[in-house]
Amino acid sequence: AEWVWVLDDDCAPLPDCLKNLLKHKELSQCLNPVHKSVGGEIYGEEVWIDAASCATVDFRDRSSKAGRPWWPRNTCSFEGMLIHRTIIEKIGFPDARFFVQHDDSLYGWLANRHTQVIVVADAIAQKLDCPRTQISIRKAGIYYPMRNLWIWKDYFDAADPTLSDYRNRRIAWQFVYKAYQIIRYGKRARASQLRLLFYAWKHYRSKISGPMPGT
């Protein structure tokens, strides 16, 4: 196969999604659909990785709102990414150490070093209404994003080791800011959320991967 279409089990492409992605195959070898929530909203389609600080920058879907047919970014999503086999041959398979969170973003960053990753406006992947427990939501939103930054940092340091110390400071700031957000804006279960965050920080520093220990 020349192309590989990656689809998580919590989304469903519309019938013309693949056709509309392939219309842009001359522009990119890593094509991504637009995602619609269960409520029909478009979200998170113009997020870029800032490798200097191990963080993301969200441009709030400006290109989608402006009616552009496609736009670039340097991340991808496993919820509908269409990638050419030559890119996979260059960057390998996704890093299994992530378990969840940040794996597809990094894969897009790696792909973008060989082809301009783009999002196609009329290729739609519909998010499905999958029941999730509150603890799984907290893990997805608090534990894994913080803990998995050590894997990001390994890749970014390899690409530019001169910024390693700066990345350390920026990641520490992300931890502090997340703790502030939980304390300042958390409506419930703030203590358990803070425990998750501190576990994440500890496991980030210990370079733990895979499922959260004890779960």
# chains A, B, ... in the order shown; residues from 1 in each chain; ligands from 1
$ residues_around --residues "segment 148-165 of chain A" --least-positions-apart "4" --cutoff "7 Å" --atoms "only C-alpha atoms" --output "VMD selection string"
chain A and resid 51 to 52 54 98 102 106 144 169 204 207
$ residues_around --residues "Gly210 of chain A" --least-positions-apart "6" --cutoff "8 Å" --atoms "only C-alpha atoms" --output "number ranges by chain"
A: 96-99
$ residues_around --residues "Ala123 of chain A" --least-positions-apart "3" --cutoff "6 Å" --atoms "only C-alpha atoms" --output "list in words"
Cys17, Asn20, Leu21, Pro33 and Val120 of chain A
$ closest_residue --among "A:Val57, A:Ala125, A:Ile88, A:Ile42" --to "Asp16 of chain A" --atoms "only C-alpha atoms"
A:Ala125
$ closest_residue --among "A:Met146, A:Ile91, A:Val6, A:Ile124" --to "Tyr43 of chain A" --atoms "only C-alpha atoms"
A:Ile124
$ atom_distance --atom1 "atom CA of Asp9 of chain A" --atom2 "atom CA of Met212 of chain A"
21.2 Å
$ decode --residues "segment 5-21 of chain A" --atoms "all heavy atoms" --output "PDB file, in the first residue's frame"
ATOM      1  N   TRP A   5      -4.024   4.802   6.291  1.00  0.00           N
ATOM      2  CA  TRP A   5      -5.046   5.646   6.918  1.00  0.00           C
ATOM      3  C   TRP A   5      -5.201   5.198   8.365  1.00  0.00           C
ATOM      4  O   TRP A   5      -5.567   4.054   8.635  1.00  0.00           O
ATOM      5  CB  TRP A   5      -6.367   5.514   6.168  1.00  0.00           C
ATOM      6  CG  TRP A   5      -7.325   6.654   6.398  1.00  0.00           C
ATOM      7  CD1 TRP A   5      -7.049   7.868   6.945  1.00  0.00           C
ATOM      8  CD2 TRP A   5      -8.706   6.675   6.058  1.00  0.00           C
ATOM      9  NE1 TRP A   5      -8.163   8.664   6.962  1.00  0.00           N
ATOM     10  CE2 TRP A   5      -9.198   7.955   6.424  1.00  0.00           C
ATOM     11  CE3 TRP A   5      -9.574   5.755   5.483  1.00  0.00           C
ATOM     12  CZ2 TRP A   5     -10.535   8.319   6.235  1.00  0.00           C
ATOM     13  CZ3 TRP A   5     -10.895   6.127   5.278  1.00  0.00           C
ATOM     14  CH2 TRP A   5     -11.367   7.401   5.659  1.00  0.00           C
ATOM     15  N   VAL A   6      -4.918   6.085   9.294  1.00  0.00           N
ATOM     16  CA  VAL A   6      -4.926   5.762  10.722  1.00  0.00           C
ATOM     17  C   VAL A   6      -6.208   6.301  11.348  1.00  0.00           C
ATOM     18  O   VAL A   6      -6.502   7.493  11.250  1.00  0.00           O
ATOM     19  CB  VAL A   6      -3.703   6.369  11.440  1.00  0.00           C
ATOM     20  CG1 VAL A   6      -3.690   5.957  12.914  1.00  0.00           C
ATOM     21  CG2 VAL A   6      -2.411   5.937  10.756  1.00  0.00           C
ATOM     22  N   LEU A   7      -6.954   5.410  12.020  1.00  0.00           N
ATOM     23  CA  LEU A   7      -8.241   5.806  12.599  1.00  0.00           C
ATOM     24  C   LEU A   7      -8.382   5.250  14.009  1.00  0.00           C
ATOM     25  O   LEU A   7      -8.471   4.033  14.194  1.00  0.00           O
ATOM     26  CB  LEU A   7      -9.405   5.298  11.732  1.00  0.00           C
ATOM     27  CG  LEU A   7      -9.604   5.978  10.376  1.00  0.00           C
ATOM     28  CD1 LEU A   7     -10.519   5.141   9.494  1.00  0.00           C
ATOM     29  CD2 LEU A   7     -10.197   7.371  10.579  1.00  0.00           C
ATOM     30  N   ASP A   8      -8.378   6.128  14.998  1.00  0.00           N
ATOM     31  CA  ASP A   8      -8.713   5.705  16.355  1.00  0.00           C
ATOM     32  C   ASP A   8     -10.163   5.219  16.391  1.00  0.00           C
ATOM     33  O   ASP A   8     -10.973   5.571  15.529  1.00  0.00           O
ATOM     34  CB  ASP A   8      -8.547   6.868  17.341  1.00  0.00           C
ATOM     35  CG  ASP A   8      -7.103   7.013  17.806  1.00  0.00           C
ATOM     36  OD1 ASP A   8      -6.283   6.164  17.456  1.00  0.00           O
ATOM     37  OD2 ASP A   8      -6.816   7.993  18.527  1.00  0.00           O
ATOM     38  N   ASP A   9     -10.486   4.442  17.438  1.00  0.00           N
ATOM     39  CA  ASP A   9     -11.827   3.864  17.499  1.00  0.00           C
ATOM     40  C   ASP A   9     -12.870   4.813  18.084  1.00  0.00           C
ATOM     41  O   ASP A   9     -14.023   4.429  18.250  1.00  0.00           O
ATOM     42  CB  ASP A   9     -11.818   2.553  18.287  1.00  0.00           C
ATOM     43  CG  ASP A   9     -11.340   2.730  19.724  1.00  0.00           C
ATOM     44  OD1 ASP A   9     -11.053   3.875  20.124  1.00  0.00           O
ATOM     45  OD2 ASP A   9     -11.249   1.720  20.449  1.00  0.00           O
ATOM     46  N   ASP A  10     -12.473   6.056  18.391  1.00  0.00           N
ATOM     47  CA  ASP A  10     -13.461   6.996  18.921  1.00  0.00           C
ATOM     48  C   ASP A  10     -13.826   8.082  17.912  1.00  0.00           C
ATOM     49  O   ASP A  10     -14.304   9.148  18.270  1.00  0.00           O
ATOM     50  CB  ASP A  10     -12.975   7.629  20.226  1.00  0.00           C
ATOM     51  CG  ASP A  10     -11.690   8.432  20.046  1.00  0.00           C
ATOM     52  OD1 ASP A  10     -11.065   8.339  18.972  1.00  0.00           O
ATOM     53  OD2 ASP A  10     -11.306   9.155  20.989  1.00  0.00           O
ATOM     54  N   CYS A  11     -13.588   7.794  16.623  1.00  0.00           N
ATOM     55  CA  CYS A  11     -14.017   8.725  15.582  1.00  0.00           C
ATOM     56  C   CYS A  11     -14.456   7.931  14.361  1.00  0.00           C
ATOM     57  O   CYS A  11     -14.094   6.768  14.189  1.00  0.00           O
ATOM     58  CB  CYS A  11     -12.906   9.706  15.214  1.00  0.00           C
ATOM     59  SG  CYS A  11     -11.582   8.985  14.239  1.00  0.00           S
ATOM     60  N   ALA A  12     -15.254   8.571  13.521  1.00  0.00           N
ATOM     61  CA  ALA A  12     -15.760   7.928  12.309  1.00  0.00           C
ATOM     62  C   ALA A  12     -15.671   8.924  11.157  1.00  0.00           C
ATOM     63  O   ALA A  12     -16.257  10.012  11.232  1.00  0.00           O
ATOM     64  CB  ALA A  12     -17.204   7.465  12.500  1.00  0.00           C
ATOM     65  N   PRO A  13     -14.938   8.576  10.089  1.00  0.00           N
ATOM     66  CA  PRO A  13     -14.848   9.497   8.958  1.00  0.00           C
ATOM     67  C   PRO A  13     -16.166   9.542   8.186  1.00  0.00           C
ATOM     68  O   PRO A  13     -16.857   8.524   8.062  1.00  0.00           O
ATOM     69  CB  PRO A  13     -13.737   8.887   8.105  1.00  0.00           C
ATOM     70  CG  PRO A  13     -13.779   7.418   8.427  1.00  0.00           C
ATOM     71  CD  PRO A  13     -14.172   7.337   9.881  1.00  0.00           C
ATOM     72  N   LEU A  14     -16.515  10.707   7.682  1.00  0.00           N
ATOM     73  CA  LEU A  14     -17.676  10.803   6.801  1.00  0.00           C
ATOM     74  C   LEU A  14     -17.361  10.095   5.486  1.00  0.00           C
ATOM     75  O   LEU A  14     -16.193   9.893   5.134  1.00  0.00           O
ATOM     76  CB  LEU A  14     -18.038  12.267   6.572  1.00  0.00           C
ATOM     77  CG  LEU A  14     -18.478  13.069   7.804  1.00  0.00           C
ATOM     78  CD1 LEU A  14     -19.085  14.403   7.391  1.00  0.00           C
ATOM     79  CD2 LEU A  14     -19.433  12.296   8.697  1.00  0.00           C
ATOM     80  N   PRO A  15     -18.398   9.691   4.730  1.00  0.00           N
ATOM     81  CA  PRO A  15     -18.175   8.861   3.534  1.00  0.00           C
ATOM     82  C   PRO A  15     -17.192   9.435   2.519  1.00  0.00           C
ATOM     83  O   PRO A  15     -16.484   8.678   1.845  1.00  0.00           O
ATOM     84  CB  PRO A  15     -19.583   8.734   2.938  1.00  0.00           C
ATOM     85  CG  PRO A  15     -20.492   8.859   4.114  1.00  0.00           C
ATOM     86  CD  PRO A  15     -19.843   9.846   5.024  1.00  0.00           C
ATOM     87  N   ASP A  16     -17.114  10.761   2.389  1.00  0.00           N
ATOM     88  CA  ASP A  16     -16.217  11.352   1.395  1.00  0.00           C
ATOM     89  C   ASP A  16     -14.897  11.819   1.996  1.00  0.00           C
ATOM     90  O   ASP A  16     -14.113  12.514   1.331  1.00  0.00           O
ATOM     91  CB  ASP A  16     -16.900  12.517   0.682  1.00  0.00           C
ATOM     92  CG  ASP A  16     -17.321  13.632   1.639  1.00  0.00           C
ATOM     93  OD1 ASP A  16     -17.168  13.451   2.863  1.00  0.00           O
ATOM     94  OD2 ASP A  16     -17.826  14.666   1.148  1.00  0.00           O
ATOM     95  N   CYS A  17     -14.612  11.447   3.224  1.00  0.00           N
ATOM     96  CA  CYS A  17     -13.416  11.926   3.916  1.00  0.00           C
ATOM     97  C   CYS A  17     -12.142  11.513   3.183  1.00  0.00           C
ATOM     98  O   CYS A  17     -11.274  12.349   2.893  1.00  0.00           O
ATOM     99  CB  CYS A  17     -13.397  11.416   5.351  1.00  0.00           C
ATOM    100  SG  CYS A  17     -11.984  11.957   6.332  1.00  0.00           S
ATOM    101  N   LEU A  18     -12.011  10.229   2.878  1.00  0.00           N
ATOM    102  CA  LEU A  18     -10.796   9.739   2.227  1.00  0.00           C
ATOM    103  C   LEU A  18     -10.628  10.367   0.847  1.00  0.00           C
ATOM    104  O   LEU A  18      -9.523  10.786   0.476  1.00  0.00           O
ATOM    105  CB  LEU A  18     -10.834   8.220   2.130  1.00  0.00           C
ATOM    106  CG  LEU A  18      -9.609   7.552   1.497  1.00  0.00           C
ATOM    107  CD1 LEU A  18      -8.342   7.902   2.267  1.00  0.00           C
ATOM    108  CD2 LEU A  18      -9.798   6.033   1.435  1.00  0.00           C
ATOM    109  N   LYS A  19     -11.706  10.441   0.096  1.00  0.00           N
ATOM    110  CA  LYS A  19     -11.634  11.052  -1.238  1.00  0.00           C
ATOM    111  C   LYS A  19     -11.147  12.494  -1.158  1.00  0.00           C
ATOM    112  O   LYS A  19     -10.302  12.926  -1.949  1.00  0.00           O
ATOM    113  CB  LYS A  19     -13.016  10.995  -1.905  1.00  0.00           C
ATOM    114  CG  LYS A  19     -13.062  11.624  -3.294  1.00  0.00           C
ATOM    115  CD  LYS A  19     -14.481  11.674  -3.844  1.00  0.00           C
ATOM    116  CE  LYS A  19     -15.307  12.726  -3.106  1.00  0.00           C
ATOM    117  NZ  LYS A  19     -16.647  12.907  -3.716  1.00  0.00           N
ATOM    118  N   ASN A  20     -11.656  13.230  -0.198  1.00  0.00           N
ATOM    119  CA  ASN A  20     -11.281  14.636  -0.063  1.00  0.00           C
ATOM    120  C   ASN A  20      -9.844  14.803   0.435  1.00  0.00           C
ATOM    121  O   ASN A  20      -9.174  15.772   0.071  1.00  0.00           O
ATOM    122  CB  ASN A  20     -12.260  15.355   0.866  1.00  0.00           C
ATOM    123  CG  ASN A  20     -13.634  15.493   0.249  1.00  0.00           C
ATOM    124  OD1 ASN A  20     -13.785  15.433  -0.968  1.00  0.00           O
ATOM    125  ND2 ASN A  20     -14.653  15.673   1.081  1.00  0.00           N
ATOM    126  N   LEU A  21      -9.382  13.870   1.247  1.00  0.00           N
ATOM    127  CA  LEU A  21      -7.975  13.903   1.644  1.00  0.00           C
ATOM    128  C   LEU A  21      -7.070  13.677   0.435  1.00  0.00           C
ATOM    129  O   LEU A  21      -6.099  14.411   0.218  1.00  0.00           O
ATOM    130  CB  LEU A  21      -7.692  12.839   2.707  1.00  0.00           C
ATOM    131  CG  LEU A  21      -8.221  13.075   4.119  1.00  0.00           C
ATOM    132  CD1 LEU A  21      -8.016  11.835   4.975  1.00  0.00           C
ATOM    133  CD2 LEU A  21      -7.534  14.278   4.773  1.00  0.00           C
TER     134      LEU A  21
END
